[in-house]
Each structure stands twice: as C-alpha cells, then as structure tokens.
Amino acid sequence: MNWTWFHKLGSPKWFYEISGRWLPGFAWAAAVLLAVGMVWGLAFAPPDYQQGNSFRIIYIHVPAALLAQSIYLMLAVAGVVGLVWKMKLADVALRQAAPIGAWMTFVALLTGAIWGKPTWGAWWVWDARLTSMLILLFLYFGVIALGQAIGNRDSSAKACAVLAIVGVINIPIIKYSVEWWNTLHQPATFKITEKPAMPVEMWLPLLVMVLGFYCFFAAVLLTRMRLEVLRREARSSWAKAEIRVRVEGIR
C-alpha cells in the first residue's frame, strides 16, 4: 500500500496547497445540501403521526449530535497520530476541530431540550444519553482549556492528545446508552443492519442534512487549519509569500 499521501500530511505547505483546492467544493456542497435539506425537512416532509410538527427539530438535532461524536473520534485519531508519528498538523487539526465539536455538542443539547419539552414534558432529565452528551461537552472544553493553558506548544499538544484519547471512551457510552440502560431517549433512527424506522420522505431529507453538516464541518475545519498553519509557519518563505499575496489582494 502506498502511504505517500500520509507522509505528505506532515508538510504544512502541501496541506495548505491541497486544502485550498478542496475548500470551495466542501463549502458549496454544504451550502446546497443544507439549503435543500432544511427546506425539504421543515416545509415538505410530512408531520409525525405522534409528535406532529415538533419532530422537525430532528433535522438539526440528529446531524449535530452525530457530528459532535464524529469530531471527537477525529480528535482521538489526531491525538494518536500526533503522539506516534509526531505530525504537527495532527495537533493543528485537533485544536481547530475542538471548538467546532463543542458548538455541535451545544447545538445537540439545546435542540434536544427544545424537542424534549413537548415530548417528555421537561427541558432536561438526567437521562443516560443526555448526561453522556453533557460529559462530551465538558471533554471538549477540557481539550480547549488545555490548549490555551499550557504555554509550551509540544507539552500542550501532548496533553490535548492524551485527553482526547482517554475521553473517547465516552463515545460508545453515548451510542449504546439507550440499549444499556432504561432511558427516555429514543433508539437510533438509522442502523446499518436494519431499515430506517421512518418513511423515506422523512429520512431522506435527514440524510441530506447529515451530509450537509459534515461538509460544513470540513469547510470550517479546513479554513481554521489553513489560518493556523499560516500563523505557525509565518517565518517560512512560502508562508510569507502567501501572506503577501493575500494582503495585496485585500488592498
């Protein structure tokens, strides 16, 4: 197997160049998918036979919750890559993804509370799924705080990587909490081994929204990483040239 692409990821210059090609595609895909999915789900999908129109918050809640968990898995992978292969870009990806993951977790918790009020009669219950998601938010806060609190970049990178790796144990707890314990939270909407529990006219716009959220994450992450790479490599000749071009373009 050719691992040249993997070793190239260790080059900030190569990453900056290739990410500049990917970024417009992800940005446009996110805009189109989110617009289509939002209109389709909120305006044209049929109401739920039990929950009525209140179920429509699923088109924000589920994609945000899925993305929040996926981002933390990415943090753990980046942590392993940073510790084992000493790739500086892994630390860049970890630190720049953490705030996005925190926001997605917050959105998932907020929309879940809004959905829970008409469904359960309460904004919040100490349900296993909700509690483990709240722990995920605190884990994100921990990674962000460690990155800002430790002055030495190498020590900070190691601390953030270790926390990300240790905290990943919370992800399977979130996923299987509805099966391991008696909870108010409904089971997973999608399962690989089973047909969706929703009719196609309801789950298809949800799938579009999920793809849109992931494309949005990719676009925002690449943008944040590119800016951080330029900041870290500001003394290199290629970064100076890129910064000069951008400054002249603004003028």
# chains A, B, ... in the order shown; residues from 1 in each chain; ligands from 1

$ closest_atom_pairs --of "range 35-115 of chain A" --to "range 201-205 of chain A" --cutoff "12 Å" --atoms "only C-alpha atoms" --output "Markdown table"
| residue | atom | partner | partner_atom | distance |
| --- | --- | --- | --- | --- |
| A:Ala35 | CA | A:Pro205 | CA | 10.5 |
| A:Val36 | CA | A:Pro205 | CA | 7.9 |
| A:Gly37 | CA | A:Pro205 | CA | 5.0 |
| A:Met38 | CA | A:Pro205 | CA | 7.7 |
| A:Val39 | CA | A:Pro205 | CA | 8.8 |
| A:Trp40 | CA | A:Pro205 | CA | 6.0 |
| A:Gly41 | CA | A:Pro205 | CA | 5.4 |
| A:Leu42 | CA | A:Pro205 | CA | 9.2 |
| A:Ala43 | CA | A:Pro205 | CA | 10.7 |
| A:Phe44 | CA | A:Glu201 | CA | 8.7 |
| A:Ala45 | CA | A:Met202 | CA | 5.5 |
| A:Pro46 | CA | A:Met202 | CA | 6.9 |
| A:Pro47 | CA | A:Met202 | CA | 8.6 |
| A:Asp48 | CA | A:Met202 | CA | 8.8 |
| A:Tyr49 | CA | A:Met202 | CA | 11.8 |
| A:Asn53 | CA | A:Met202 | CA | 11.8 |
| A:Phe55 | CA | A:Met202 | CA | 10.2 |
| A:Arg56 | CA | A:Met202 | CA | 9.3 |
| A:Ile58 | CA | A:Trp203 | CA | 9.9 |
| A:Tyr59 | CA | A:Pro205 | CA | 7.7 |
| A:Ile60 | CA | A:Pro205 | CA | 11.0 |
| A:Val62 | CA | A:Trp203 | CA | 11.0 |
| A:Pro63 | CA | A:Pro205 | CA | 11.1 |

$ closest_residue --among "A:Ile114, A:Val107, A:Ala234, A:Ala65" --to "Ile174 in chain A" --atoms "only C-alpha atoms"
A:Ala65

$ closest_residue --among "A:Leu9, A:Leu67, A:His61, A:Val208" --to "Ala113 in chain A" --atoms "only C-alpha atoms"
A:His61

$ closest_residue --among "A:Ile243, A:Ala30, A:Ile144, A:Ala93" --to "Ala76 in chain A" --atoms "only C-alpha atoms"
A:Ala93

$ closest_residue --among "A:Gly142, A:Trp124, A:Asp91, A:Glu242" --to "Lys13 in chain A" --atoms "only C-alpha atoms"
A:Glu242

$ select_by_dssp --residues "range 1-150 of chain A" --states "helix (DSSP H, G or I)" --output "number ranges by chain"
A: 4-8, 12-44, 53-85, 88-120, 128-149

$ closest_residue --among "A:Tyr140, A:Trp103, A:Trp238, A:Phe217" --to "Pro12 in chain A" --atoms "only C-alpha atoms"
A:Trp238

$ closest_residue --among "A:Val92, A:Arg232, A:Gly212, A:Ser54" --to "Val32 in chain A" --atoms "only C-alpha atoms"
A:Gly212

$ residues_around --residues "Lys88 in chain A" --least-positions-apart "5" --cutoff "12 Å" --atoms "only C-alpha atoms" --output "ChimeraX atom specification"
/A:7-12,15,78-83,93-95,153-154,156-158,161,225,228-229,232-233

$ atom_distance --atom1 "CA of Ile171 in chain A" --atom2 "CA of Leu33 in chain A"
26.5 Å

$ atom_distance --atom1 "CA of Leu136 in chain A" --atom2 "CA of Gly167 in chain A"
8.1 Å

$ residues_around --residues "Phe141 in chain A" --least-positions-apart "2" --cutoff "12 Å" --atoms "only C-alpha atoms" --output "list in words"
Tyr72, Arg95, Ala97, Ala98, Pro99, Ile100, Gly101, Ala102, Trp103, Thr105, Phe106, Leu134, Ile135, Leu136, Leu137, Phe138, Leu139, Val143, Ile144, Ala145, Leu146, Gly147, Gln148, Ala149, Cys160, Leu163, Ala164 and Gly167 of chain A
